[in-house]
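**Student:** File name query.cif; file contents mmCIF, C-alpha atoms; full text below.
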data_my_file
loop_
_atom_site.group_PDB
_atom_site.id
_atom_site.type_symbol
_atom_site.label_atom_id
_atom_site.label_comp_id
_atom_site.auth_asym_id
_atom_site.auth_seq_id
_atom_site.Cartn_x
_atom_site.Cartn_y
_atom_site.Cartn_z
ATOM 1 C CA MET Q 238 -17.882 10.207 15.983
ATOM 2 C CA HIS Q 239 -16.581 6.661 16.305
ATOM 3 C CA GLU Q 240 -14.920 4.860 13.409
ATOM 4 C CA LEU Q 241 -13.632 1.299 13.194
ATOM 5 C CA LEU Q 242 -10.585 1.202 10.943
ATOM 6 C CA ASN Q 243 -7.677 -1.043 10.055
ATOM 7 C CA ASP Q 244 -5.360 1.531 8.475
ATOM 8 C CA PRO Q 245 -1.572 1.167 8.395
ATOM 9 C CA ILE Q 246 0.187 4.026 10.186
ATOM 10 C CA ASP Q 247 3.702 5.134 11.035
ATOM 11 C CA VAL Q 248 4.466 5.659 14.703
ATOM 12 C CA LEU Q 249 7.479 7.353 16.244
ATOM 13 C CA VAL Q 250 8.193 5.820 19.651
ATOM 14 C CA SER Q 251 10.607 6.092 22.518
ATOM 15 C CA PHE Q 252 11.528 3.378 24.979
ATOM 16 C CA LYS Q 253 11.328 3.959 28.720
ATOM 17 C CA ASP Q 254 11.685 1.366 31.491
ATOM 18 C CA ASN Q 255 11.401 -1.480 28.930
ATOM 19 C CA ARG Q 256 8.154 -0.036 27.572
ATOM 20 C CA VAL Q 257 7.188 1.278 24.152
ATOM 21 C CA VAL Q 258 5.990 4.886 24.395
ATOM 22 C CA PRO Q 259 4.253 6.246 21.255
ATOM 23 C CA GLN Q 260 5.148 9.894 20.624
ATOM 24 C CA THR Q 261 3.739 10.792 17.207
ATOM 25 C CA MET Q 262 1.682 8.964 14.597
ATOM 26 C CA ARG Q 263 1.297 9.648 10.874
ATOM 27 C CA TRP Q 264 -2.058 8.813 9.291
ATOM 28 C CA ASN Q 265 -3.477 10.018 5.972
ATOM 29 C CA GLU Q 266 -0.392 12.175 5.383
ATOM 30 C CA ARG Q 267 -0.976 14.047 8.650
ATOM 31 C CA ASP Q 268 1.035 13.939 11.880
ATOM 32 C CA TYR Q 269 -0.653 13.639 15.262
ATOM 33 C CA LYS Q 270 1.288 14.444 18.433
ATOM 34 C CA ILE Q 271 0.323 11.942 21.120
ATOM 35 C CA LYS Q 272 -0.268 13.782 24.376
ATOM 36 C CA ASN Q 273 -1.615 10.957 26.569
ATOM 37 C CA ILE Q 274 -1.272 7.215 26.731
ATOM 38 C CA ASN Q 275 -4.527 6.212 28.364
ATOM 39 C CA LEU Q 276 -4.282 2.412 28.337
ATOM 40 C CA VAL Q 277 -1.923 -0.303 27.120
ATOM 41 C CA HIS Q 278 -2.814 -3.969 26.961
ATOM 42 C CA SER Q 279 -1.887 -7.097 25.049
ATOM 43 C CA THR Q 280 -3.857 -9.995 23.690
ATOM 44 C CA ARG Q 281 -3.268 -13.088 21.609
ATOM 45 C CA GLU Q 282 -4.276 -13.510 18.000
ATOM 46 C CA GLY Q 283 -3.695 -17.192 17.431
ATOM 47 C CA GLN Q 284 -0.135 -17.906 18.515
ATOM 48 C CA LYS Q 285 1.021 -14.305 18.302
ATOM 49 C CA ARG Q 286 0.845 -11.604 20.944
ATOM 50 C CA VAL Q 287 -0.234 -8.099 19.850
ATOM 51 C CA PHE Q 288 -0.329 -4.849 21.790
ATOM 52 C CA TYR Q 289 -3.020 -2.174 21.885
ATOM 53 C CA PHE Q 290 -2.436 1.448 22.859
ATOM 54 C CA SER Q 291 -5.323 3.806 23.616
ATOM 55 C CA VAL Q 292 -3.853 7.261 23.079
ATOM 56 C CA SER Q 293 -5.079 10.812 22.596
ATOM 57 C CA ASP Q 294 -4.000 14.139 21.202
ATOM 58 C CA ALA Q 295 -5.675 17.470 21.874
ATOM 59 C CA ALA Q 296 -8.925 16.559 20.066
ATOM 60 C CA ASN Q 297 -9.047 12.826 19.261
ATOM 61 C CA TYR Q 298 -8.775 9.409 20.847
ATOM 62 C CA PHE Q 299 -7.050 6.637 18.915
ATOM 63 C CA LYS Q 300 -6.675 2.905 19.410
ATOM 64 C CA LEU Q 301 -3.405 1.695 17.930
ATOM 65 C CA LYS Q 302 -2.346 -1.890 17.354
ATOM 66 C CA LEU Q 303 1.274 -3.041 17.295
ATOM 67 C CA ASP Q 304 2.206 -6.396 15.791
ATOM 68 C CA PRO Q 305 5.727 -6.927 17.191
ATOM 69 C CA GLU Q 306 6.420 -9.875 14.882
ATOM 70 C CA PHE Q 307 6.322 -7.626 11.798
ATOM 71 C CA LEU Q 308 6.824 -4.269 13.603
ATOM 72 C CA GLU Q 309 3.582 -3.144 11.999
ATOM 73 C CA TRP Q 310 1.308 -0.448 13.425
ATOM 74 C CA ARG Q 311 -2.387 -0.021 12.582
ATOM 75 C CA LEU Q 312 -5.006 2.520 13.558
ATOM 76 C CA VAL Q 313 -7.992 0.380 14.533
ATOM 77 C CA GLU Q 314 -10.350 2.910 16.143
ATOM 78 C CA LEU Q 315 -10.871 6.662 16.088
ATOM 79 C CA TYR Q 316 -13.050 8.722 18.403
ATOM 80 C CA SER Q 317 -13.480 12.403 17.556
ATOM 81 C CA ASP Q 318 -15.940 15.264 17.990
ATOM 82 C CA GLY Q 319 -16.169 16.005 14.285
#
Taking this structure as input, can you express it in the form of structure tokens?
**Tutor:**
Amino acid sequence: MHELLNDPIDVLVSFKDNRVVPQTMRWNERDYKIKNINLVHSTREGQKRVFYFSVSDAANYFKLKLDPEFLEWRLVELYSDG
């Protein structure tokens, strides 16, 4: 199942070698442990630069968006089997 979303989320991160490394995300009052970071890229939305993280846990793939200007995270896509 593929869903396009724009839901605010909380993300716990670490920093390694000047990079943001998502560890856990909280969405719909549930925590998801991020096991893999599959892809990271940035793009411009007008004058601002935003970052996208394609991550996965044991059963789902998520596309996360980070707006560094406001330190705001959003879940923008979800891929799951169910």
**Student:** Name every residue that the PyMOL selection byres ((chain Q and resi 266-269) around 12) selects in this structure, writing the answer as number ranges by chain with chains first and numbers rising.
**Tutor:** Q: 245-249, 259-265, 270-273, 292-299
**Student:** Could you state the separation of atom CA of Q:His278 and atom CA of Q:Met238 in Å, given to one decimal place?
**Tutor:**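 For atom CA of Q:His278 relative to atom CA of Q:Met238, the distance reads 23.4 Å.
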**Student:** One number please: atom CA of Q:Leu308 to atom CA of Q:Phe288, in Å, one decimal.
**Tutor:**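 We find that atom CA of Q:Leu308 and atom CA of Q:Phe288 lie 10.9 Å from each other.
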**Student:** Point out the residue among Q:Leu301, Q:Leu315, Q:Val258, Q:Ile274 with the least atom-to-atom distance to Q:His239, counting only C-alpha atoms.
**Tutor:** Q:Leu315
**Student:** Take the point (9.6, -10.6, 18.4) as written in the file and pick out every residue within 12 Å of it, counting all atoms listed in the file; give the list as number ranges by chain.
**Tutor:** Q: 285-288, 303-309
**Student:** When you draw a straight line from atom CA of Q:Tyr316 to atom CA of Q:Ser279, how long is it in Å?
**Tutor:**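 For atom CA of Q:Tyr316 relative to atom CA of Q:Ser279, the distance reads 20.5 Å.
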**Student:** Take the PyMOL selection byres ((chain Q and resi 276) around 6), apply it to the structure above, and return the hits as a ChimeraX atom specification.
**Tutor:** /Q:274-275,277,290-291
**Student:** Just say which residues the PyMOL selection byres ((chain Q and resi 312) around 7) picks in this file, as an mmCIF file with C-alpha atoms, in the frame of the given file.
**Tutor:**
data_model
loop_
_atom_site.group_PDB
_atom_site.id
_atom_site.type_symbol
_atom_site.label_atom_id
_atom_site.label_comp_id
_atom_site.auth_asym_id
_atom_site.auth_seq_id
_atom_site.Cartn_x
_atom_site.Cartn_y
_atom_site.Cartn_z
ATOM 1 C CA LEU Q 242 -10.585 1.202 10.943
ATOM 2 C CA ASN Q 243 -7.677 -1.043 10.055
ATOM 3 C CA ASP Q 244 -5.360 1.531 8.475
ATOM 4 C CA PRO Q 245 -1.572 1.167 8.395
ATOM 5 C CA ILE Q 246 0.187 4.026 10.186
ATOM 6 C CA LYS Q 300 -6.675 2.905 19.410
ATOM 7 C CA LEU Q 301 -3.405 1.695 17.930
ATOM 8 C CA LYS Q 302 -2.346 -1.890 17.354
ATOM 9 C CA TRP Q 310 1.308 -0.448 13.425
ATOM 10 C CA ARG Q 311 -2.387 -0.021 12.582
ATOM 11 C CA VAL Q 313 -7.992 0.380 14.533
ATOM 12 C CA GLU Q 314 -10.350 2.910 16.143
#
